[in-house]
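protein-v7.json follows (JSON, C-alpha atoms):
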[["chain", "number", "residue", "atom", "x", "y", "z"],
["A", 1, "MET", "CA", 0.00, 0.00, 0.00],
["A", 2, "ALA", "CA", 1.29, 3.42, -0.97],
["A", 3, "VAL", "CA", -0.16, 6.64, 0.40],
["A", 4, "ALA", "CA", 0.08, 10.21, -0.92],
["A", 5, "PHE", "CA", -1.77, 13.07, 0.71],
["A", 6, "ASP", "CA", -2.73, 16.70, 0.47],
["A", 7, "PHE", "CA", -4.33, 19.02, 3.01],
["A", 8, "GLN", "CA", -5.84, 22.47, 3.40],
["A", 9, "ILE", "CA", -6.32, 24.62, 6.51],
["A", 10, "GLU", "CA", -9.81, 26.14, 6.49],
["A", 11, "ARG", "CA", -12.52, 27.53, 8.73],
["A", 12, "VAL", "CA", -15.76, 25.55, 8.96],
["A", 13, "ASP", "CA", -18.61, 26.96, 11.03],
["A", 14, "GLY", "CA", -16.16, 29.46, 12.52],
["A", 15, "ARG", "CA", -13.68, 26.80, 13.70],
["A", 16, "PRO", "CA", -10.23, 26.06, 12.22],
["A", 17, "VAL", "CA", -9.93, 22.62, 10.64],
["A", 18, "CYS", "CA", -7.51, 20.62, 8.52],
["A", 19, "VAL", "CA", -9.14, 18.94, 5.51],
["A", 20, "VAL", "CA", -7.12, 15.84, 4.58],
["A", 21, "ASP", "CA", -7.29, 14.00, 1.25],
["A", 22, "ALA", "CA", -5.22, 10.78, 1.08],
["A", 23, "SER", "CA", -4.79, 8.69, -2.06],
["A", 24, "VAL", "CA", -4.24, 5.04, -1.20],
["A", 25, "THR", "CA", -2.83, 2.74, -3.88],
["A", 26, "ASN", "CA", -3.13, -1.02, -3.53],
["A", 27, "GLN", "CA", 0.19, -2.42, -4.74],
["A", 28, "GLY", "CA", -0.18, -5.93, -3.39],
["A", 29, "SER", "CA", -2.17, -9.09, -3.79],
["A", 30, "VAL", "CA", -4.70, -8.46, -1.02],
["A", 31, "THR", "CA", -8.19, -6.94, -1.11],
["A", 32, "PHE", "CA", -8.59, -4.11, 1.38],
["A", 33, "GLU", "CA", -11.85, -3.89, 3.28],
["A", 34, "TYR", "CA", -11.10, -1.04, 5.70],
["A", 35, "VAL", "CA", -8.32, 1.52, 6.17],
["A", 36, "ALA", "CA", -7.96, 4.06, 8.99],
["A", 37, "PHE", "CA", -5.22, 6.61, 9.63],
["A", 38, "ARG", "CA", -4.35, 8.74, 12.63],
["A", 39, "VAL", "CA", -3.65, 12.32, 11.55],
["A", 40, "ASP", "CA", -1.42, 14.65, 13.57],
["A", 41, "VAL", "CA", -1.48, 18.29, 12.45],
["A", 42, "VAL", "CA", 1.72, 20.14, 13.35],
["A", 43, "TYR", "CA", 1.99, 23.94, 13.33],
["A", 44, "GLU", "CA", 5.29, 25.83, 13.38],
["A", 45, "PRO", "CA", 4.65, 29.48, 14.25],
["A", 46, "ILE", "CA", 7.35, 32.01, 13.46],
["A", 47, "GLY", "CA", 9.83, 32.30, 16.30],
["A", 48, "ARG", "CA", 8.38, 29.43, 18.35],
["A", 49, "SER", "CA", 8.72, 25.67, 18.48],
["A", 50, "ALA", "CA", 6.57, 23.40, 16.34],
["A", 51, "ARG", "CA", 3.67, 21.77, 18.16],
["A", 52, "THR", "CA", 0.74, 19.49, 17.48],
["A", 53, "VAL", "CA", -2.48, 21.51, 17.14],
["A", 54, "GLY", "CA", -4.85, 18.76, 16.06],
["A", 55, "VAL", "CA", -5.23, 14.98, 16.22],
["A", 56, "GLY", "CA", -7.95, 13.01, 14.50],
["A", 57, "TYR", "CA", -8.76, 9.99, 12.39],
["A", 58, "ILE", "CA", -9.78, 9.47, 8.78],
["A", 59, "ASP", "CA", -11.10, 6.16, 7.54],
["A", 60, "ARG", "CA", -12.98, 4.38, 4.79],
["A", 61, "ARG", "CA", -14.69, 1.02, 4.39],
["A", 62, "PHE", "CA", -14.46, -0.50, 0.89],
["A", 63, "ASP", "CA", -16.76, -2.95, -0.88],
["A", 64, "SER", "CA", -13.76, -4.35, -2.74],
["A", 65, "PHE", "CA", -10.43, -2.59, -3.11],
["A", 66, "ALA", "CA", -8.23, -5.16, -4.87],
["A", 67, "SER", "CA", -6.26, -2.82, -7.15],
["A", 68, "GLY", "CA", -5.88, 0.78, -8.23],
["A", 69, "THR", "CA", -6.18, 3.92, -6.13],
["A", 70, "GLU", "CA", -8.93, 5.04, -3.76],
["A", 71, "ARG", "CA", -9.43, 8.20, -1.70],
["A", 72, "VAL", "CA", -9.65, 8.37, 2.07],
["A", 73, "ASP", "CA", -10.54, 11.83, 3.30],
["A", 74, "GLY", "CA", -11.77, 13.62, 6.37],
["A", 75, "THR", "CA", -11.54, 16.66, 8.61],
["A", 76, "VAL", "CA", -9.50, 17.19, 11.77],
["A", 77, "GLU", "CA", -10.48, 19.96, 14.19],
["A", 78, "LEU", "CA", -7.63, 22.24, 15.27],
["A", 79, "SER", "CA", -6.96, 23.90, 18.61],
["A", 80, "SER", "CA", -8.18, 27.43, 19.29],
["A", 81, "GLU", "CA", -4.64, 28.81, 18.99],
["A", 82, "VAL", "CA", -4.99, 28.40, 15.20],
["A", 83, "ASP", "CA", -7.23, 31.01, 13.59],
["A", 84, "GLY", "CA", -7.31, 29.46, 10.12],
["A", 85, "GLY", "CA", -5.61, 32.40, 8.40],
["A", 86, "GLU", "CA", -2.04, 31.21, 8.87],
["A", 87, "PRO", "CA", -0.04, 30.25, 5.76],
["A", 88, "GLU", "CA", -0.32, 26.54, 5.00],
["A", 89, "SER", "CA", 3.46, 26.43, 4.65],
["A", 90, "ARG", "CA", 3.61, 26.68, 8.48],
["A", 91, "PHE", "CA", 1.69, 23.37, 8.81],
["A", 92, "ASP", "CA", 2.53, 19.74, 8.21],
["A", 93, "ILE", "CA", 0.57, 16.56, 8.77],
["A", 94, "GLN", "CA", 1.73, 13.12, 9.77],
["A", 95, "LEU", "CA", -0.32, 10.07, 8.78],
["A", 96, "GLN", "CA", 0.04, 6.82, 10.70],
["A", 97, "TYR", "CA", -1.73, 3.57, 9.94],
["A", 98, "ARG", "CA", -4.29, 2.89, 12.65],
["A", 99, "THR", "CA", -6.24, -0.06, 11.25],
["A", 100, "VAL", "CA", -6.01, -2.08, 8.04],
["A", 101, "GLU", "CA", -8.44, -4.92, 7.33],
["A", 102, "TYR", "CA", -7.95, -7.12, 4.28],
["A", 103, "THR", "CA", -8.53, -10.54, 2.76],
["A", 104, "GLU", "CA", -6.05, -12.57, 0.74]]

Target encoding structure tokens, full file:
Amino acid sequence: MAVAFDFQIERVDGRPVCVVDASVTNQGSVTFEYVAFRVDVVYEPIGRSARTVGVGYIDRRFDSFASGTERVDGTVELSSEVDGGEPESRFDIQLQYRTVEYTE
């Protein structure tokens, strides 16, 4: 499984969020049924140390994902210290596998 991702920092209903879009490519001989990722959103303000400002999960259940590429997307709420107007270049996200269910 290979994963590529993109993200945007936005305001939804007045709250700052990180919208995550991950492209998951099945490169093996298994059929994926479910994939979940933990998402850590890291913010590095100017002149201060980087810190995690949001943690959440994105997931997707598949009918049959035996080959090709599928999207897994979701939204992670951010702490109140982020106003949503900061440049995206000050943010990074880290994806970690949380759960993978498959059949052979």

Proximity to Gly54 of chain A - best of A:Val24, A:Val17, A:Ala66, A:Val72, only C-alpha atoms:
A:Val17

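Counting all atoms listed in the file, the residue from A:Ser29, A:Ser64, A:Thr99, A:Thr75 that sits nearest to Val41 of chain A is A:Thr75.
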
Closest of A:Leu95, A:Ala4, A:Ala22, A:Val100 to Asp40 of chain A - atom-to-atom distances counting only C-alpha atoms:
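Smallest distance to Asp40 of chain A is found for A:Leu95.
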
Near Ser67 of chain A, within 9 Å and counting only C-alpha atoms, which residues show up once chain neighbours fewer than 6 positions away are dropped, as a list in words?
Thr25, Asn26, Gln27, Gly28, Ser29, Val30, Thr31 and Phe32 of chain A

Option closest in space to Val3 of chain A, from A:Tyr97, A:Phe62, A:Tyr34, A:Phe91 [counting only C-alpha atoms]
A:Tyr97

Go through A:Val35, A:Ser80, A:Arg71, A:Tyr102 and flag the residue nearest Asp6 of chain A, using all atoms listed in the file for the distances.
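That would be A:Arg71, the residue with the smallest distance to Asp6 of chain A.
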
Might you pull out every residue within 12 Å of Val12 of chain A, with all atoms listed in the file counted and same-chain residues fewer than 4 positions away left off, and present them as a list in words?
Gln8, Pro16, Val17, Cys18, Val19, Thr75, Val76, Glu77, Leu78, Asp83 and Gly84 of chain A

Expressed in Å, the length from atom CA of Arg15 of chain A to atom CA of Gln94 of chain A is 21.0 Å

To one decimal place in Å, what is the distance between atom CA of Arg98 of chain A and atom CA of Gly56 of chain A?
10.9 Å

I'd like to know which of A:Val39, A:Ile9, A:Val20, A:Val55 is closest to Glu88 of chain A, using only C-alpha atoms.
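Using only C-alpha atoms, Glu88 of chain A sits closest to A:Ile9.
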
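Separating atom CA of Gly14 of chain A from atom CA of Ala36 of chain A is a distance of 26.9 Å.
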
For Arg51 of chain A, find every residue with an atom within 12 Å (counting only C-alpha atoms), except residues of its own chain fewer than 5 positions away, and show them as a list in words.
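These residues fall inside the cut-off: Asp40, Val41, Val42, Tyr43, Glu44, Pro45, Ile46, Leu78, Ser79, Glu81, Val82, Arg90, Phe91, Asp92 and Ile93 of chain A.
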
Listed atoms of segment 38-57 of chain A boxed axis-aligned with 4 Å per side, centre + edges as lines of an AutoDock Vina configuration file:
center_x = 0.5
center_y = 20.5
center_z = 15.0
size_x = 26.6
size_y = 31.6
size_z = 14.9
